[in-house]
Amino acid sequence: MTLTDKIQAQYFTLTTSEKKVADYFLLVGPNIIFETMNEVKQKTHVGDATIIRLCQKLGFSGFSDLKIEVAKDDYQTTRPLESTRPYAKLEATLTKTITDTLALVDQRKLKQSVALLSNARHIYLFGVGGSALTSKELENMLLRVGIKAQAVTDPHYQAQTAAILNENDLVIALSLTGRTNDTLTALKLAKQNHAKSIAITTYLHSPIAQTADVVLQTAVDDFLNGGSVIGKVSQLLVGEVLVAEYEEQNHTTTVKMREKVVRAILDKREE
């Protein structure tokens, strides 16, 4: 049974407070997996005990268990159809990720991001976990067009870096869910010091998105499959689009930079 089925089966046995929470679960649907207990409390005006009691009445050990089961149900119902071709599911998912990510490109925000890149004294990329790996790739992508950025993937170094930034600096924060606490903490500290910021995330109403000056949107999350290839594809594609837009606006300069980069590594290759 899905969460909706379980709520409907139990609804008339719930207390008034429990119904408030149940109604909220029905309203947000699968997106409940990205809510914290504190957020549910604030939005439904109930206590911890009410939320936990409802979860147990619905057959879950607690709120975290409920979120995991909802994520599993959502994953199973959104998988691509069976095919006789090997890895067709993965192919379909990756293709959809690319299409969905490009559909979310906002030209106005993209131009704002390019302006921030062009005017920044120093650029830092904040990400942890899977997003840390993506931040290193984005660092390399930016270098190819002459932009020197530094990926900072250790949460302690992120905080230390954020503490010494100012209005001339730029932070690019990467988090698919937009709720990675270490990244959010460093981003808030950077904002306190008046640094500019870009978020690359899936959820426009997430804390990281709400904190950043500009948001470039990815198309997927990886709640059930942390560090997934699909999540990285969406993030990297946003990075490539950002680099492409920067090149479009700085064509002469970036061509020369790409040539310099290629020439610098030519002698590293075997003839």
# chains A, B, ... in the order shown; residues from 1 in each chain; ligands from 1

$ select_by_dssp --residues "region 107-201 of chain A" --states "strand (DSSP E or B)" --output "PDB file with N, CA and C atoms, in the first residue's frame"
ATOM      1  N   HIS A 122      37.442  36.187  -6.494  1.00  0.00           N
ATOM      2  CA  HIS A 122      37.728  34.773  -6.237  1.00  0.00           C
ATOM      3  C   HIS A 122      36.428  33.990  -6.356  1.00  0.00           C
ATOM      4  N   ILE A 123      36.525  32.763  -6.824  1.00  0.00           N
ATOM      5  CA  ILE A 123      35.353  31.900  -6.994  1.00  0.00           C
ATOM      6  C   ILE A 123      35.609  30.583  -6.258  1.00  0.00           C
ATOM      7  N   TYR A 124      34.661  30.197  -5.416  1.00  0.00           N
ATOM      8  CA  TYR A 124      34.789  28.950  -4.664  1.00  0.00           C
ATOM      9  C   TYR A 124      33.561  28.074  -4.926  1.00  0.00           C
ATOM     10  N   LEU A 125      33.799  26.784  -5.067  1.00  0.00           N
ATOM     11  CA  LEU A 125      32.741  25.813  -5.303  1.00  0.00           C
ATOM     12  C   LEU A 125      32.576  24.966  -4.053  1.00  0.00           C
ATOM     13  N   PHE A 126      31.381  25.011  -3.455  1.00  0.00           N
ATOM     14  CA  PHE A 126      31.104  24.263  -2.231  1.00  0.00           C
ATOM     15  C   PHE A 126      30.199  23.070  -2.547  1.00  0.00           C
ATOM     16  N   ALA A 149      38.730  28.847 -10.504  1.00  0.00           N
ATOM     17  CA  ALA A 149      37.850  28.609  -9.358  1.00  0.00           C
ATOM     18  C   ALA A 149      38.468  27.515  -8.497  1.00  0.00           C
ATOM     19  N   GLN A 150      38.065  27.471  -7.257  1.00  0.00           N
ATOM     20  CA  GLN A 150      38.601  26.459  -6.340  1.00  0.00           C
ATOM     21  C   GLN A 150      37.461  25.669  -5.716  1.00  0.00           C
ATOM     22  N   ALA A 151      37.488  24.356  -5.905  1.00  0.00           N
ATOM     23  CA  ALA A 151      36.506  23.487  -5.270  1.00  0.00           C
ATOM     24  C   ALA A 151      36.939  23.213  -3.834  1.00  0.00           C
ATOM     25  N   VAL A 152      36.081  23.525  -2.894  1.00  0.00           N
ATOM     26  CA  VAL A 152      36.357  23.286  -1.468  1.00  0.00           C
ATOM     27  C   VAL A 152      35.344  22.254  -0.993  1.00  0.00           C
ATOM     28  N   ASP A 169      33.732  38.421  -3.848  1.00  0.00           N
ATOM     29  CA  ASP A 169      33.906  36.982  -4.038  1.00  0.00           C
ATOM     30  C   ASP A 169      32.589  36.310  -4.406  1.00  0.00           C
ATOM     31  N   LEU A 170      32.722  35.109  -4.976  1.00  0.00           N
ATOM     32  CA  LEU A 170      31.546  34.349  -5.420  1.00  0.00           C
ATOM     33  C   LEU A 170      31.638  32.913  -4.929  1.00  0.00           C
ATOM     34  N   VAL A 171      30.525  32.414  -4.391  1.00  0.00           N
ATOM     35  CA  VAL A 171      30.404  31.012  -4.000  1.00  0.00           C
ATOM     36  C   VAL A 171      29.383  30.343  -4.908  1.00  0.00           C
ATOM     37  N   ILE A 172      29.737  29.175  -5.453  1.00  0.00           N
ATOM     38  CA  ILE A 172      28.781  28.341  -6.176  1.00  0.00           C
ATOM     39  C   ILE A 172      28.527  27.116  -5.311  1.00  0.00           C
ATOM     40  N   ALA A 173      27.308  26.978  -4.816  1.00  0.00           N
ATOM     41  CA  ALA A 173      26.951  25.890  -3.905  1.00  0.00           C
ATOM     42  C   ALA A 173      26.202  24.811  -4.674  1.00  0.00           C
ATOM     43  N   LEU A 174      26.693  23.573  -4.581  1.00  0.00           N
ATOM     44  CA  LEU A 174      26.074  22.461  -5.292  1.00  0.00           C
ATOM     45  C   LEU A 174      25.422  21.505  -4.301  1.00  0.00           C
ATOM     46  N   LYS A 196      28.791  37.093  -3.101  1.00  0.00           N
ATOM     47  CA  LYS A 196      27.735  36.719  -4.037  1.00  0.00           C
ATOM     48  C   LYS A 196      27.645  35.191  -4.105  1.00  0.00           C
ATOM     49  N   SER A 197      26.497  34.680  -4.565  1.00  0.00           N
ATOM     50  CA  SER A 197      26.342  33.227  -4.550  1.00  0.00           C
ATOM     51  C   SER A 197      25.408  32.731  -5.651  1.00  0.00           C
ATOM     52  N   ILE A 198      25.738  31.542  -6.143  1.00  0.00           N
ATOM     53  CA  ILE A 198      24.916  30.814  -7.103  1.00  0.00           C
ATOM     54  C   ILE A 198      24.657  29.430  -6.520  1.00  0.00           C
ATOM     55  N   ALA A 199      23.427  28.983  -6.568  1.00  0.00           N
ATOM     56  CA  ALA A 199      23.100  27.619  -6.138  1.00  0.00           C
ATOM     57  C   ALA A 199      22.786  26.771  -7.360  1.00  0.00           C
ATOM     58  N   ILE A 200      23.319  25.560  -7.392  1.00  0.00           N
ATOM     59  CA  ILE A 200      22.952  24.584  -8.413  1.00  0.00           C
ATOM     60  C   ILE A 200      22.225  23.466  -7.675  1.00  0.00           C
ATOM     61  N   THR A 201      20.895  23.441  -7.809  1.00  0.00           N
ATOM     62  CA  THR A 201      20.067  22.550  -7.004  1.00  0.00           C
ATOM     63  C   THR A 201      18.755  22.255  -7.720  1.00  0.00           C
TER      64      THR A 201
END

$ closest_atom_pairs --of "region 25-128 of chain A" --to "region 208-221 of chain A" --cutoff "8 Å" --atoms "only C-alpha atoms" --output "JSON lines"
{"residue": "A:Thr97", "atom": "CA", "partner": "A:Ala219", "partner_atom": "CA", "distance": 6.5}
{"residue": "A:Asp100", "atom": "CA", "partner": "A:Ala219", "partner_atom": "CA", "distance": 5.8}
{"residue": "A:Thr101", "atom": "CA", "partner": "A:Ala219", "partner_atom": "CA", "distance": 4.9}
{"residue": "A:Leu104", "atom": "CA", "partner": "A:Gln217", "partner_atom": "CA", "distance": 6.3}
{"residue": "A:Val105", "atom": "CA", "partner": "A:Gln217", "partner_atom": "CA", "distance": 7.0}
{"residue": "A:Asp106", "atom": "CA", "partner": "A:Leu216", "partner_atom": "CA", "distance": 7.5}
{"residue": "A:Lys109", "atom": "CA", "partner": "A:Val214", "partner_atom": "CA", "distance": 6.4}
{"residue": "A:Leu110", "atom": "CA", "partner": "A:Leu216", "partner_atom": "CA", "distance": 7.2}
{"residue": "A:Gln112", "atom": "CA", "partner": "A:Val214", "partner_atom": "CA", "distance": 7.3}
{"residue": "A:Ser113", "atom": "CA", "partner": "A:Val214", "partner_atom": "CA", "distance": 6.8}

$ write_last_selection --atoms "N, CA, C and O atoms" --output "short mmCIF file (atom, residue, chain, number, x, y, z; two decimals), in the first residue's frame"
data_model
loop_
_atom_site.label_atom_id
_atom_site.label_comp_id
_atom_site.auth_asym_id
_atom_site.auth_seq_id
_atom_site.Cartn_x
_atom_site.Cartn_y
_atom_site.Cartn_z
N THR A 97 16.83 12.68 -18.09
CA THR A 97 17.52 13.63 -17.22
C THR A 97 18.09 14.79 -18.03
O THR A 97 17.95 15.96 -17.64
N ASP A 100 15.10 16.91 -19.33
CA ASP A 100 14.45 17.66 -18.24
C ASP A 100 15.35 18.78 -17.73
O ASP A 100 14.86 19.87 -17.40
N THR A 101 16.65 18.52 -17.66
CA THR A 101 17.58 19.55 -17.17
C THR A 101 17.62 20.74 -18.12
O THR A 101 17.54 21.90 -17.70
N LEU A 104 14.79 23.17 -17.95
CA LEU A 104 14.74 24.05 -16.78
C LEU A 104 15.69 25.24 -16.90
O LEU A 104 15.74 26.08 -15.99
N VAL A 105 16.45 25.30 -18.00
CA VAL A 105 17.39 26.41 -18.16
C VAL A 105 16.63 27.74 -18.26
O VAL A 105 15.75 27.91 -19.09
N ASP A 106 17.00 28.65 -17.39
CA ASP A 106 16.40 29.99 -17.36
C ASP A 106 17.45 30.98 -17.87
O ASP A 106 18.45 31.23 -17.19
N LYS A 109 18.48 33.91 -15.54
CA LYS A 109 19.34 33.52 -14.42
C LYS A 109 20.73 33.11 -14.91
O LYS A 109 21.74 33.32 -14.22
N LEU A 110 20.77 32.53 -16.11
CA LEU A 110 22.05 32.14 -16.68
C LEU A 110 22.93 33.37 -16.95
O LEU A 110 24.13 33.38 -16.63
N GLN A 112 22.65 36.24 -15.44
CA GLN A 112 23.03 36.78 -14.13
C GLN A 112 24.23 36.03 -13.57
O GLN A 112 25.15 36.63 -13.00
N SER A 113 24.23 34.71 -13.76
CA SER A 113 25.32 33.88 -13.26
C SER A 113 26.63 34.21 -13.97
O SER A 113 27.70 34.28 -13.35
#

$ residues_around --residues "Gln56 (chain A)" --least-positions-apart "2" --cutoff "12 Å" --atoms "only C-alpha atoms" --output "list in words"
Lys6, Ile7, Gln10, Leu14, Glu18, Ala49, Thr50, Ile51, Ile52, Arg53, Leu54, Leu58, Gly59, Phe60, Ser61, Gly62, Phe63, Ser64, Asp65 and Leu66 of chain A

$ write_last_selection --atoms "N, CA, C and O atoms" --output "mmCIF file, in the first residue's frame"
data_model
loop_
_atom_site.group_PDB
_atom_site.id
_atom_site.type_symbol
_atom_site.label_atom_id
_atom_site.label_comp_id
_atom_site.auth_asym_id
_atom_site.auth_seq_id
_atom_site.Cartn_x
_atom_site.Cartn_y
_atom_site.Cartn_z
ATOM 1 N N LYS A 6 -2.638 4.151 2.845
ATOM 2 C CA LYS A 6 -2.599 3.921 4.295
ATOM 3 C C LYS A 6 -3.311 5.033 5.049
ATOM 4 O O LYS A 6 -4.022 4.780 6.029
ATOM 5 N N ILE A 7 -3.112 6.261 4.599
ATOM 6 C CA ILE A 7 -3.789 7.389 5.255
ATOM 7 C C ILE A 7 -5.299 7.290 5.077
ATOM 8 O O ILE A 7 -6.075 7.481 6.020
ATOM 9 N N GLN A 10 -6.892 4.747 7.339
ATOM 10 C CA GLN A 10 -6.878 5.045 8.776
ATOM 11 C C GLN A 10 -7.509 6.400 9.115
ATOM 12 O O GLN A 10 -7.663 6.726 10.291
ATOM 13 N N LEU A 14 -8.135 8.800 13.104
ATOM 14 C CA LEU A 14 -7.093 9.726 13.558
ATOM 15 C C LEU A 14 -7.684 10.844 14.400
ATOM 16 O O LEU A 14 -8.842 11.221 14.242
ATOM 17 N N GLU A 18 -3.641 14.647 14.391
ATOM 18 C CA GLU A 18 -3.062 13.683 13.450
ATOM 19 C C GLU A 18 -3.593 13.913 12.035
ATOM 20 O O GLU A 18 -2.860 13.749 11.055
ATOM 21 N N ALA A 49 5.464 14.423 19.085
ATOM 22 C CA ALA A 49 4.746 13.208 19.482
ATOM 23 C C ALA A 49 3.601 12.903 18.517
ATOM 24 O O ALA A 49 3.356 11.728 18.191
ATOM 25 N N THR A 50 2.920 13.938 18.042
ATOM 26 C CA THR A 50 1.796 13.734 17.111
ATOM 27 C C THR A 50 2.284 13.141 15.792
ATOM 28 O O THR A 50 1.678 12.212 15.246
ATOM 29 N N ILE A 51 3.394 13.673 15.282
ATOM 30 C CA ILE A 51 3.937 13.181 14.010
ATOM 31 C C ILE A 51 4.380 11.732 14.149
ATOM 32 O O ILE A 51 4.075 10.885 13.303
ATOM 33 N N ILE A 52 5.096 11.438 15.221
ATOM 34 C CA ILE A 52 5.577 10.070 15.431
ATOM 35 C C ILE A 52 4.409 9.109 15.634
ATOM 36 O O ILE A 52 4.391 8.004 15.077
ATOM 37 N N ARG A 53 3.409 9.542 16.398
ATOM 38 C CA ARG A 53 2.235 8.688 16.646
ATOM 39 C C ARG A 53 1.503 8.384 15.336
ATOM 40 O O ARG A 53 1.091 7.243 15.091
ATOM 41 N N LEU A 54 1.361 9.382 14.475
ATOM 42 C CA LEU A 54 0.709 9.157 13.186
ATOM 43 C C LEU A 54 1.523 8.168 12.350
ATOM 44 O O LEU A 54 0.954 7.251 11.750
ATOM 45 N N LEU A 58 0.342 4.443 10.916
ATOM 46 C CA LEU A 58 0.363 4.108 9.499
ATOM 47 C C LEU A 58 1.277 2.916 9.198
ATOM 48 O O LEU A 58 1.415 2.514 8.044
ATOM 49 N N GLY A 59 1.917 2.392 10.265
ATOM 50 C CA GLY A 59 2.740 1.196 10.089
ATOM 51 C C GLY A 59 4.222 1.440 9.959
ATOM 52 O O GLY A 59 4.981 0.540 9.573
ATOM 53 N N PHE A 60 4.671 2.654 10.285
ATOM 54 C CA PHE A 60 6.094 2.973 10.207
ATOM 55 C C PHE A 60 6.662 3.126 11.614
ATOM 56 O O PHE A 60 5.941 3.482 12.554
ATOM 57 N N SER A 61 7.966 2.898 11.742
ATOM 58 C CA SER A 61 8.584 3.023 13.066
ATOM 59 C C SER A 61 8.753 4.488 13.471
ATOM 60 O O SER A 61 8.843 4.800 14.664
ATOM 61 N N GLY A 62 8.821 5.360 12.490
ATOM 62 C CA GLY A 62 8.979 6.785 12.755
ATOM 63 C C GLY A 62 8.970 7.568 11.462
ATOM 64 O O GLY A 62 8.714 7.025 10.384
ATOM 65 N N PHE A 63 9.282 8.864 11.544
ATOM 66 C CA PHE A 63 9.211 9.733 10.372
ATOM 67 C C PHE A 63 10.258 9.363 9.324
ATOM 68 O O PHE A 63 9.985 9.360 8.122
ATOM 69 N N SER A 64 11.469 9.027 9.761
ATOM 70 C CA SER A 64 12.520 8.655 8.813
ATOM 71 C C SER A 64 12.140 7.391 8.053
ATOM 72 O O SER A 64 12.357 7.288 6.838
ATOM 73 N N ASP A 65 11.557 6.424 8.765
ATOM 74 C CA ASP A 65 11.127 5.177 8.129
ATOM 75 C C ASP A 65 10.043 5.464 7.090
ATOM 76 O O ASP A 65 10.039 4.896 5.993
ATOM 77 N N LEU A 66 9.127 6.356 7.412
ATOM 78 C CA LEU A 66 8.079 6.742 6.468
ATOM 79 C C LEU A 66 8.693 7.329 5.198
ATOM 80 O O LEU A 66 8.296 6.984 4.078
#

$ residues_around --residues "region 240-250 of chain A" --least-positions-apart "4" --cutoff "7 Å" --atoms "only C-alpha atoms" --output "number ranges by chain"
A: 110, 114, 142, 236, 254

$ residues_around --residues "region 184-189 of chain A" --least-positions-apart "4" --cutoff "7 Å" --atoms "only C-alpha atoms" --output "PDB file with N, CA and C atoms, in the first residue's frame"
ATOM      1  N   GLN A 158      35.307  24.696   4.067  1.00  0.00           N
ATOM      2  CA  GLN A 158      34.240  25.515   3.514  1.00  0.00           C
ATOM      3  C   GLN A 158      33.893  26.649   4.479  1.00  0.00           C
ATOM      4  N   ALA A 159      33.732  26.301   5.738  1.00  0.00           N
ATOM      5  CA  ALA A 159      33.384  27.307   6.738  1.00  0.00           C
ATOM      6  C   ALA A 159      34.504  28.332   6.901  1.00  0.00           C
ATOM      7  N   ALA A 162      34.519  30.560   3.812  1.00  0.00           N
ATOM      8  CA  ALA A 162      33.376  31.470   3.826  1.00  0.00           C
ATOM      9  C   ALA A 162      33.575  32.626   4.800  1.00  0.00           C
ATOM     10  N   ALA A 163      34.313  32.357   5.886  1.00  0.00           N
ATOM     11  CA  ALA A 163      34.499  33.363   6.931  1.00  0.00           C
ATOM     12  C   ALA A 163      35.356  34.537   6.472  1.00  0.00           C
ATOM     13  N   ARG A 179      19.413  20.885   0.599  1.00  0.00           N
ATOM     14  CA  ARG A 179      19.261  20.809   2.057  1.00  0.00           C
ATOM     15  C   ARG A 179      20.505  20.270   2.757  1.00  0.00           C
ATOM     16  N   THR A 180      21.617  20.159   2.047  1.00  0.00           N
ATOM     17  CA  THR A 180      22.847  19.656   2.657  1.00  0.00           C
ATOM     18  C   THR A 180      23.314  20.639   3.718  1.00  0.00           C
ATOM     19  N   ASN A 193      28.991  37.675   5.011  1.00  0.00           N
ATOM     20  CA  ASN A 193      30.161  38.481   4.653  1.00  0.00           C
ATOM     21  C   ASN A 193      29.993  39.167   3.293  1.00  0.00           C
ATOM     22  N   ILE A 208      19.016  26.114   0.593  1.00  0.00           N
ATOM     23  CA  ILE A 208      20.170  26.599  -0.170  1.00  0.00           C
ATOM     24  C   ILE A 208      19.715  27.497  -1.306  1.00  0.00           C
ATOM     25  N   THR A 211      18.710  30.872  -0.031  1.00  0.00           N
ATOM     26  CA  THR A 211      19.824  31.673   0.480  1.00  0.00           C
ATOM     27  C   THR A 211      20.632  32.304  -0.642  1.00  0.00           C
TER      28      THR A 211
END

$ residues_around --residues "Gln8 (chain A)" --least-positions-apart "3" --cutoff "12 Å" --atoms "only C-alpha atoms" --output "ChimeraX atom specification"
/A:1-5,11-14,19,22-23,25-26,58

$ write_last_selection --atoms "N, CA, C and O atoms" --output "PDB file, in the first residue's frame"
ATOM      1  N   MET A   1       0.833  -1.206   0.000  1.00  0.00           N
ATOM      2  CA  MET A   1       0.000   0.000   0.000  1.00  0.00           C
ATOM      3  C   MET A   1       0.867   1.254   0.000  1.00  0.00           C
ATOM      4  O   MET A   1       1.896   1.315   0.662  1.00  0.00           O
ATOM      5  N   THR A   2       0.443   2.251  -0.760  1.00  0.00           N
ATOM      6  CA  THR A   2       1.152   3.524  -0.765  1.00  0.00           C
ATOM      7  C   THR A   2       0.806   4.313   0.497  1.00  0.00           C
ATOM      8  O   THR A   2      -0.137   3.968   1.229  1.00  0.00           O
ATOM      9  N   LEU A   3       1.531   5.396   0.723  1.00  0.00           N
ATOM     10  CA  LEU A   3       1.243   6.247   1.874  1.00  0.00           C
ATOM     11  C   LEU A   3      -0.175   6.789   1.782  1.00  0.00           C
ATOM     12  O   LEU A   3      -0.905   6.836   2.793  1.00  0.00           O
ATOM     13  N   THR A   4      -0.598   7.193   0.596  1.00  0.00           N
ATOM     14  CA  THR A   4      -1.959   7.709   0.412  1.00  0.00           C
ATOM     15  C   THR A   4      -2.994   6.658   0.796  1.00  0.00           C
ATOM     16  O   THR A   4      -3.984   6.955   1.496  1.00  0.00           O
ATOM     17  N   ASP A   5      -2.786   5.414   0.353  1.00  0.00           N
ATOM     18  CA  ASP A   5      -3.709   4.323   0.686  1.00  0.00           C
ATOM     19  C   ASP A   5      -3.782   4.105   2.197  1.00  0.00           C
ATOM     20  O   ASP A   5      -4.874   3.912   2.761  1.00  0.00           O
ATOM     21  N   TYR A  11      -7.865   7.191   8.099  1.00  0.00           N
ATOM     22  CA  TYR A  11      -8.148   8.608   8.301  1.00  0.00           C
ATOM     23  C   TYR A  11      -9.186   8.882   9.393  1.00  0.00           C
ATOM     24  O   TYR A  11      -8.989   9.757  10.243  1.00  0.00           O
ATOM     25  N   PHE A  12     -10.272   8.138   9.394  1.00  0.00           N
ATOM     26  CA  PHE A  12     -11.359   8.442  10.337  1.00  0.00           C
ATOM     27  C   PHE A  12     -11.092   7.925  11.743  1.00  0.00           C
ATOM     28  O   PHE A  12     -11.896   8.149  12.648  1.00  0.00           O
ATOM     29  N   THR A  13      -9.964   7.269  11.929  1.00  0.00           N
ATOM     30  CA  THR A  13      -9.570   6.842  13.275  1.00  0.00           C
ATOM     31  C   THR A  13      -8.542   7.804  13.881  1.00  0.00           C
ATOM     32  O   THR A  13      -8.162   7.643  15.032  1.00  0.00           O
ATOM     33  N   LEU A  14      -8.135   8.800  13.104  1.00  0.00           N
ATOM     34  CA  LEU A  14      -7.093   9.726  13.558  1.00  0.00           C
ATOM     35  C   LEU A  14      -7.684  10.844  14.400  1.00  0.00           C
ATOM     36  O   LEU A  14      -8.842  11.221  14.242  1.00  0.00           O
ATOM     37  N   LYS A  19      -4.854  14.312  11.925  1.00  0.00           N
ATOM     38  CA  LYS A  19      -5.422  14.591  10.605  1.00  0.00           C
ATOM     39  C   LYS A  19      -4.734  15.782   9.946  1.00  0.00           C
ATOM     40  O   LYS A  19      -4.574  15.824   8.723  1.00  0.00           O
ATOM     41  N   ALA A  22      -1.663  14.292   8.515  1.00  0.00           N
ATOM     42  CA  ALA A  22      -2.041  13.413   7.401  1.00  0.00           C
ATOM     43  C   ALA A  22      -2.426  14.236   6.173  1.00  0.00           C
ATOM     44  O   ALA A  22      -2.032  13.907   5.042  1.00  0.00           O
ATOM     45  N   ASP A  23      -3.175  15.305   6.383  1.00  0.00           N
ATOM     46  CA  ASP A  23      -3.569  16.181   5.267  1.00  0.00           C
ATOM     47  C   ASP A  23      -2.335  16.803   4.611  1.00  0.00           C
ATOM     48  O   ASP A  23      -2.278  16.950   3.384  1.00  0.00           O
ATOM     49  N   PHE A  25       0.721  15.470   4.587  1.00  0.00           N
ATOM     50  CA  PHE A  25       1.381  14.400   3.838  1.00  0.00           C
ATOM     51  C   PHE A  25       0.720  14.214   2.476  1.00  0.00           C
ATOM     52  O   PHE A  25       1.393  14.049   1.459  1.00  0.00           O
ATOM     53  N   LEU A  26      -0.604  14.242   2.451  1.00  0.00           N
ATOM     54  CA  LEU A  26      -1.331  14.070   1.188  1.00  0.00           C
ATOM     55  C   LEU A  26      -1.078  15.252   0.248  1.00  0.00           C
ATOM     56  O   LEU A  26      -0.998  15.086  -0.971  1.00  0.00           O
ATOM     57  N   LEU A  58       0.342   4.443  10.916  1.00  0.00           N
ATOM     58  CA  LEU A  58       0.363   4.108   9.499  1.00  0.00           C
ATOM     59  C   LEU A  58       1.277   2.916   9.198  1.00  0.00           C
ATOM     60  O   LEU A  58       1.415   2.514   8.044  1.00  0.00           O
TER      61      LEU A  58
END

$ atom_distance --atom1 "CA of Gly47 (chain A)" --atom2 "CA of Ala71 (chain A)"
23.9 Å

$ select_by_dssp --residues "region 94-146 of chain A" --states "alpha helix (DSSP H)" --output "PyMOL selection string"
chain A and resi 94-103+107-119+130-143

$ closest_residue --among "A:Ser234, A:Thr253, A:Thr153, A:Thr99" --to "Val128 (chain A)" --atoms "only C-alpha atoms"
A:Thr153

$ residues_around --residues "Val233 (chain A)" --least-positions-apart "5" --cutoff "9 Å" --atoms "only C-alpha atoms" --output "number ranges by chain"
A: 94, 97-98, 228, 238

$ write_last_selection --atoms "all heavy atoms" --output "compact mmCIF listing (two decimals), in the first residue's frame"
# COMPACT_ATOMS: atom_id res chain seq x y z
N LEU A 94 18.75 8.40 -18.26
CA LEU A 94 19.76 9.41 -18.55
C LEU A 94 19.27 10.38 -19.63
O LEU A 94 19.48 11.59 -19.52
CB LEU A 94 21.06 8.73 -19.00
CG LEU A 94 21.86 8.04 -17.90
CD1 LEU A 94 23.01 7.23 -18.50
CD2 LEU A 94 22.40 9.05 -16.90
N THR A 97 16.83 12.68 -18.09
CA THR A 97 17.52 13.63 -17.22
C THR A 97 18.09 14.79 -18.03
O THR A 97 17.95 15.96 -17.64
CB THR A 97 18.66 12.92 -16.46
OG1 THR A 97 18.10 11.93 -15.60
CG2 THR A 97 19.46 13.92 -15.62
N ILE A 98 18.70 14.49 -19.16
CA ILE A 98 19.26 15.53 -20.02
C ILE A 98 18.15 16.44 -20.54
O ILE A 98 18.25 17.67 -20.48
CB ILE A 98 20.05 14.91 -21.18
CG1 ILE A 98 21.31 14.21 -20.64
CG2 ILE A 98 20.42 15.97 -22.21
CD1 ILE A 98 22.03 13.37 -21.67
N SER A 228 24.34 9.28 -7.20
CA SER A 228 24.01 8.58 -8.44
C SER A 228 24.60 9.26 -9.65
O SER A 228 24.84 10.46 -9.67
CB SER A 228 22.48 8.50 -8.61
OG SER A 228 21.95 9.80 -8.84
N VAL A 238 24.27 21.31 -16.16
CA VAL A 238 24.08 22.71 -15.77
C VAL A 238 25.42 23.45 -15.84
O VAL A 238 25.50 24.59 -16.32
CB VAL A 238 23.47 22.81 -14.37
CG1 VAL A 238 23.52 24.25 -13.85
CG2 VAL A 238 22.03 22.33 -14.37

$ atom_distance --atom1 "CA of Glu167 (chain A)" --atom2 "CA of His194 (chain A)"
4.7 Å

$ decode --residues "region 103-113 of chain A" --atoms "N, CA, C and O atoms" --output "tab-separated table (two decimals), in the first residue's frame"
chain	number	residue	atom	x	y	z
A	103	ALA	N	15.36	21.65	-20.14
A	103	ALA	CA	14.06	22.34	-20.12
A	103	ALA	C	13.97	23.34	-18.98
A	103	ALA	O	13.15	24.27	-19.02
A	104	LEU	N	14.79	23.17	-17.95
A	104	LEU	CA	14.74	24.05	-16.78
A	104	LEU	C	15.69	25.24	-16.90
A	104	LEU	O	15.74	26.08	-15.99
A	105	VAL	N	16.45	25.30	-18.00
A	105	VAL	CA	17.39	26.41	-18.16
A	105	VAL	C	16.63	27.74	-18.26
A	105	VAL	O	15.75	27.91	-19.09
A	106	ASP	N	17.00	28.65	-17.39
A	106	ASP	CA	16.40	29.99	-17.36
A	106	ASP	C	17.45	30.98	-17.87
A	106	ASP	O	18.45	31.23	-17.19
A	107	GLN	N	17.23	31.52	-19.06
A	107	GLN	CA	18.23	32.38	-19.68
A	107	GLN	C	18.55	33.62	-18.85
A	107	GLN	O	19.70	34.06	-18.81
A	108	ARG	N	17.55	34.14	-18.20
A	108	ARG	CA	17.79	35.34	-17.37
A	108	ARG	C	18.74	35.01	-16.21
A	108	ARG	O	19.70	35.75	-15.96
A	109	LYS	N	18.48	33.91	-15.54
A	109	LYS	CA	19.34	33.52	-14.42
A	109	LYS	C	20.73	33.11	-14.91
A	109	LYS	O	21.74	33.32	-14.22
A	110	LEU	N	20.77	32.53	-16.11
A	110	LEU	CA	22.05	32.14	-16.68
A	110	LEU	C	22.93	33.37	-16.95
A	110	LEU	O	24.13	33.38	-16.63
A	111	LYS	N	22.32	34.40	-17.50
A	111	LYS	CA	23.07	35.64	-17.77
A	111	LYS	C	23.50	36.30	-16.45
A	111	LYS	O	24.61	36.86	-16.37
A	112	GLN	N	22.65	36.24	-15.44
A	112	GLN	CA	23.03	36.78	-14.13
A	112	GLN	C	24.23	36.03	-13.57
A	112	GLN	O	25.15	36.63	-13.00
A	113	SER	N	24.23	34.71	-13.76
A	113	SER	CA	25.32	33.88	-13.26
A	113	SER	C	26.63	34.21	-13.97
A	113	SER	O	27.70	34.28	-13.35
